[in-house]
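Colleague: One structure coming up, written as structure tokens, with questions to follow.
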Amino acid sequence: MKQQLLKIKWDKQAWIQLDRAYEHIKEDSVQNAEKVRAEIISKIKEIPNHHSKYRADKYKDNNDGSYKYFEIYHYRIAFRVTEKTVKIMRIRSTHQEPLEY
């Protein structure tokens, strides 16, 4: 039986956070802003195929193991894996104080 590919869904706030990161980086370099955004999106697109390789998010209260994260270019991307979806929850700079959620 063929394994069903998980669908990626974005929390509205995560899209806003990605846009803010892009705008912040763009102040210094449009090229770097585009590179960072493209790499983050590319890595997110890989999650459905390899979600088991990511670690549980220690900043998620009462995490049942479905909330995970990865870091790239000083950004921490938190997401939740369910039976049918990967939901992108937040994108935060690793230079910010970590927030539990």
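Chain identifiers are assigned as A, B, and so on, following the order in which chains appear in the structure tokens; residues are numbered from 1 within each chain, and ligands are numbered from 1 in order of appearance.
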When DSSP works through the backbone of this structure, what residues of segment 46-76 of chain A end up as helix (DSSP H, G or I), shown as a CSV table (one decimal) with N, CA and C atoms, in the first residue's frame?
Modeller:
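Generated output (out03.csv):
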chain,number,residue,atom,x,y,z
A,46,GLU,N,10.2,19.5,2.6
A,46,GLU,CA,10.8,18.1,2.8
A,46,GLU,C,10.2,17.4,4.0
A,47,ILE,N,9.6,18.2,4.9
A,47,ILE,CA,9.1,17.6,6.2
A,47,ILE,C,8.2,16.4,6.0
A,48,PRO,N,7.2,16.4,5.1
A,48,PRO,CA,6.3,15.3,5.0
A,48,PRO,C,7.0,14.0,4.7
A,49,ASN,N,8.1,14.0,4.0
A,49,ASN,CA,8.9,12.8,3.7
A,49,ASN,C,9.8,12.3,4.8
A,50,HIS,N,10.2,13.2,5.7
A,50,HIS,CA,11.2,12.9,6.7
A,50,HIS,C,10.9,13.4,8.0
A,51,HIS,N,9.6,13.6,8.4
A,51,HIS,CA,9.3,14.2,9.7
A,51,HIS,C,9.8,13.5,10.9
A,52,SER,N,10.1,12.2,10.8
A,52,SER,CA,10.5,11.4,11.9
A,52,SER,C,12.0,11.8,12.3
A,53,LYS,N,12.7,12.4,11.5
A,53,LYS,CA,14.1,12.8,11.8
A,53,LYS,C,14.2,14.0,12.7
Colleague: For segment 7-18 of chain A, list every protein, DNA or RNA residue within 6 Å, evaluated using only C-alpha atoms, and leave out those in the same chain fewer than 2 positions away; present the list as a PyMOL selection string.
Modeller: chain A and resi 20-21+85-91
Colleague: Determine which residues of segment 1-91 of chain A DSSP labels as strand (DSSP E or B) from the backbone of this structure, then write them out as a PyMOL selection string.
Modeller: chain A and resi 7-10+55-56+67-72+75-81+85-91
Colleague: Given the selection you just returned, output its residues as a file containing N, CA and C atoms, formatted as a PDB file, in the first residue's frame.
Modeller:
ATOM      1  N   LYS A   7      -0.041  16.605   4.013  1.00  0.00           N
ATOM      2  CA  LYS A   7      -0.255  17.925   3.421  1.00  0.00           C
ATOM      3  C   LYS A   7       0.317  18.993   4.350  1.00  0.00           C
ATOM      4  N   ILE A   8       0.996  19.976   3.776  1.00  0.00           N
ATOM      5  CA  ILE A   8       1.558  21.077   4.566  1.00  0.00           C
ATOM      6  C   ILE A   8       0.513  22.181   4.679  1.00  0.00           C
ATOM      7  N   LYS A   9       0.272  22.602   5.914  1.00  0.00           N
ATOM      8  CA  LYS A   9      -0.625  23.733   6.180  1.00  0.00           C
ATOM      9  C   LYS A   9       0.151  24.749   7.006  1.00  0.00           C
ATOM     10  N   TRP A  10      -0.138  25.992   6.773  1.00  0.00           N
ATOM     11  CA  TRP A  10       0.544  27.073   7.485  1.00  0.00           C
ATOM     12  C   TRP A  10      -0.423  27.765   8.435  1.00  0.00           C
ATOM     13  N   ARG A  55      13.517  16.549  15.921  1.00  0.00           N
ATOM     14  CA  ARG A  55      13.366  16.409  17.373  1.00  0.00           C
ATOM     15  C   ARG A  55      12.082  17.061  17.876  1.00  0.00           C
ATOM     16  N   ALA A  56      11.605  16.547  18.998  1.00  0.00           N
ATOM     17  CA  ALA A  56      10.432  17.128  19.655  1.00  0.00           C
ATOM     18  C   ALA A  56      10.772  18.543  20.113  1.00  0.00           C
ATOM     19  N   TYR A  67       4.783  17.838  18.130  1.00  0.00           N
ATOM     20  CA  TYR A  67       5.324  19.170  17.869  1.00  0.00           C
ATOM     21  C   TYR A  67       6.838  19.040  17.743  1.00  0.00           C
ATOM     22  N   LYS A  68       7.369  19.450  16.605  1.00  0.00           N
ATOM     23  CA  LYS A  68       8.793  19.305  16.330  1.00  0.00           C
ATOM     24  C   LYS A  68       9.338  20.619  15.807  1.00  0.00           C
ATOM     25  N   TYR A  69      10.638  20.641  15.542  1.00  0.00           N
ATOM     26  CA  TYR A  69      11.243  21.876  15.045  1.00  0.00           C
ATOM     27  C   TYR A  69      12.531  21.574  14.287  1.00  0.00           C
ATOM     28  N   PHE A  70      12.992  22.589  13.566  1.00  0.00           N
ATOM     29  CA  PHE A  70      14.339  22.573  13.005  1.00  0.00           C
ATOM     30  C   PHE A  70      14.831  24.013  12.965  1.00  0.00           C
ATOM     31  N   GLU A  71      16.132  24.172  12.835  1.00  0.00           N
ATOM     32  CA  GLU A  71      16.729  25.498  12.750  1.00  0.00           C
ATOM     33  C   GLU A  71      17.521  25.614  11.453  1.00  0.00           C
ATOM     34  N   ILE A  72      17.414  26.787  10.843  1.00  0.00           N
ATOM     35  CA  ILE A  72      18.143  27.084   9.621  1.00  0.00           C
ATOM     36  C   ILE A  72      18.355  28.589   9.555  1.00  0.00           C
ATOM     37  N   TYR A  75      16.984  30.770  12.240  1.00  0.00           N
ATOM     38  CA  TYR A  75      15.536  30.773  12.427  1.00  0.00           C
ATOM     39  C   TYR A  75      15.102  29.399  12.902  1.00  0.00           C
ATOM     40  N   ARG A  76      14.175  29.415  13.842  1.00  0.00           N
ATOM     41  CA  ARG A  76      13.641  28.180  14.422  1.00  0.00           C
ATOM     42  C   ARG A  76      12.219  27.999  13.902  1.00  0.00           C
ATOM     43  N   ILE A  77      12.007  26.905  13.187  1.00  0.00           N
ATOM     44  CA  ILE A  77      10.706  26.629  12.588  1.00  0.00           C
ATOM     45  C   ILE A  77      10.050  25.514  13.399  1.00  0.00           C
ATOM     46  N   ALA A  78       8.904  25.819  14.004  1.00  0.00           N
ATOM     47  CA  ALA A  78       8.172  24.837  14.809  1.00  0.00           C
ATOM     48  C   ALA A  78       6.964  24.365  14.005  1.00  0.00           C
ATOM     49  N   PHE A  79       6.716  23.066  14.060  1.00  0.00           N
ATOM     50  CA  PHE A  79       5.603  22.503  13.309  1.00  0.00           C
ATOM     51  C   PHE A  79       4.998  21.329  14.060  1.00  0.00           C
ATOM     52  N   ARG A  80       3.795  20.953  13.655  1.00  0.00           N
ATOM     53  CA  ARG A  80       3.099  19.828  14.278  1.00  0.00           C
ATOM     54  C   ARG A  80       2.752  18.802  13.201  1.00  0.00           C
ATOM     55  N   VAL A  81       3.049  17.558  13.490  1.00  0.00           N
ATOM     56  CA  VAL A  81       2.748  16.467  12.577  1.00  0.00           C
ATOM     57  C   VAL A  81       1.527  15.722  13.100  1.00  0.00           C
ATOM     58  N   THR A  85      -1.541  15.899   8.247  1.00  0.00           N
ATOM     59  CA  THR A  85      -0.936  17.194   7.925  1.00  0.00           C
ATOM     60  C   THR A  85       0.357  17.454   8.685  1.00  0.00           C
ATOM     61  N   VAL A  86       1.096  18.392   8.136  1.00  0.00           N
ATOM     62  CA  VAL A  86       2.204  19.040   8.832  1.00  0.00           C
ATOM     63  C   VAL A  86       1.794  20.498   8.910  1.00  0.00           C
ATOM     64  N   LYS A  87       1.592  20.997  10.112  1.00  0.00           N
ATOM     65  CA  LYS A  87       1.172  22.397  10.274  1.00  0.00           C
ATOM     66  C   LYS A  87       2.359  23.218  10.760  1.00  0.00           C
ATOM     67  N   ILE A  88       2.715  24.221   9.967  1.00  0.00           N
ATOM     68  CA  ILE A  88       3.796  25.128  10.340  1.00  0.00           C
ATOM     69  C   ILE A  88       3.220  26.104  11.363  1.00  0.00           C
ATOM     70  N   MET A  89       3.766  26.058  12.573  1.00  0.00           N
ATOM     71  CA  MET A  89       3.191  26.806  13.688  1.00  0.00           C
ATOM     72  C   MET A  89       3.827  28.188  13.898  1.00  0.00           C
ATOM     73  N   ARG A  90       5.172  28.243  13.784  1.00  0.00           N
ATOM     74  CA  ARG A  90       5.839  29.518  14.060  1.00  0.00           C
ATOM     75  C   ARG A  90       7.230  29.522  13.457  1.00  0.00           C
ATOM     76  N   ILE A  91       7.691  30.729  13.157  1.00  0.00           N
ATOM     77  CA  ILE A  91       9.042  30.946  12.651  1.00  0.00           C
ATOM     78  C   ILE A  91       9.608  32.108  13.453  1.00  0.00           C
TER      79      ILE A  91
END
Colleague: Enter the distance from atom CA of Val36 of chain A to atom CA of Ser93 of chain A, in Å, rounded to one decimal.
Modeller: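 Atom-to-atom, atom CA of Val36 of chain A to atom CA of Ser93 of chain A, that is 12.1 Å.
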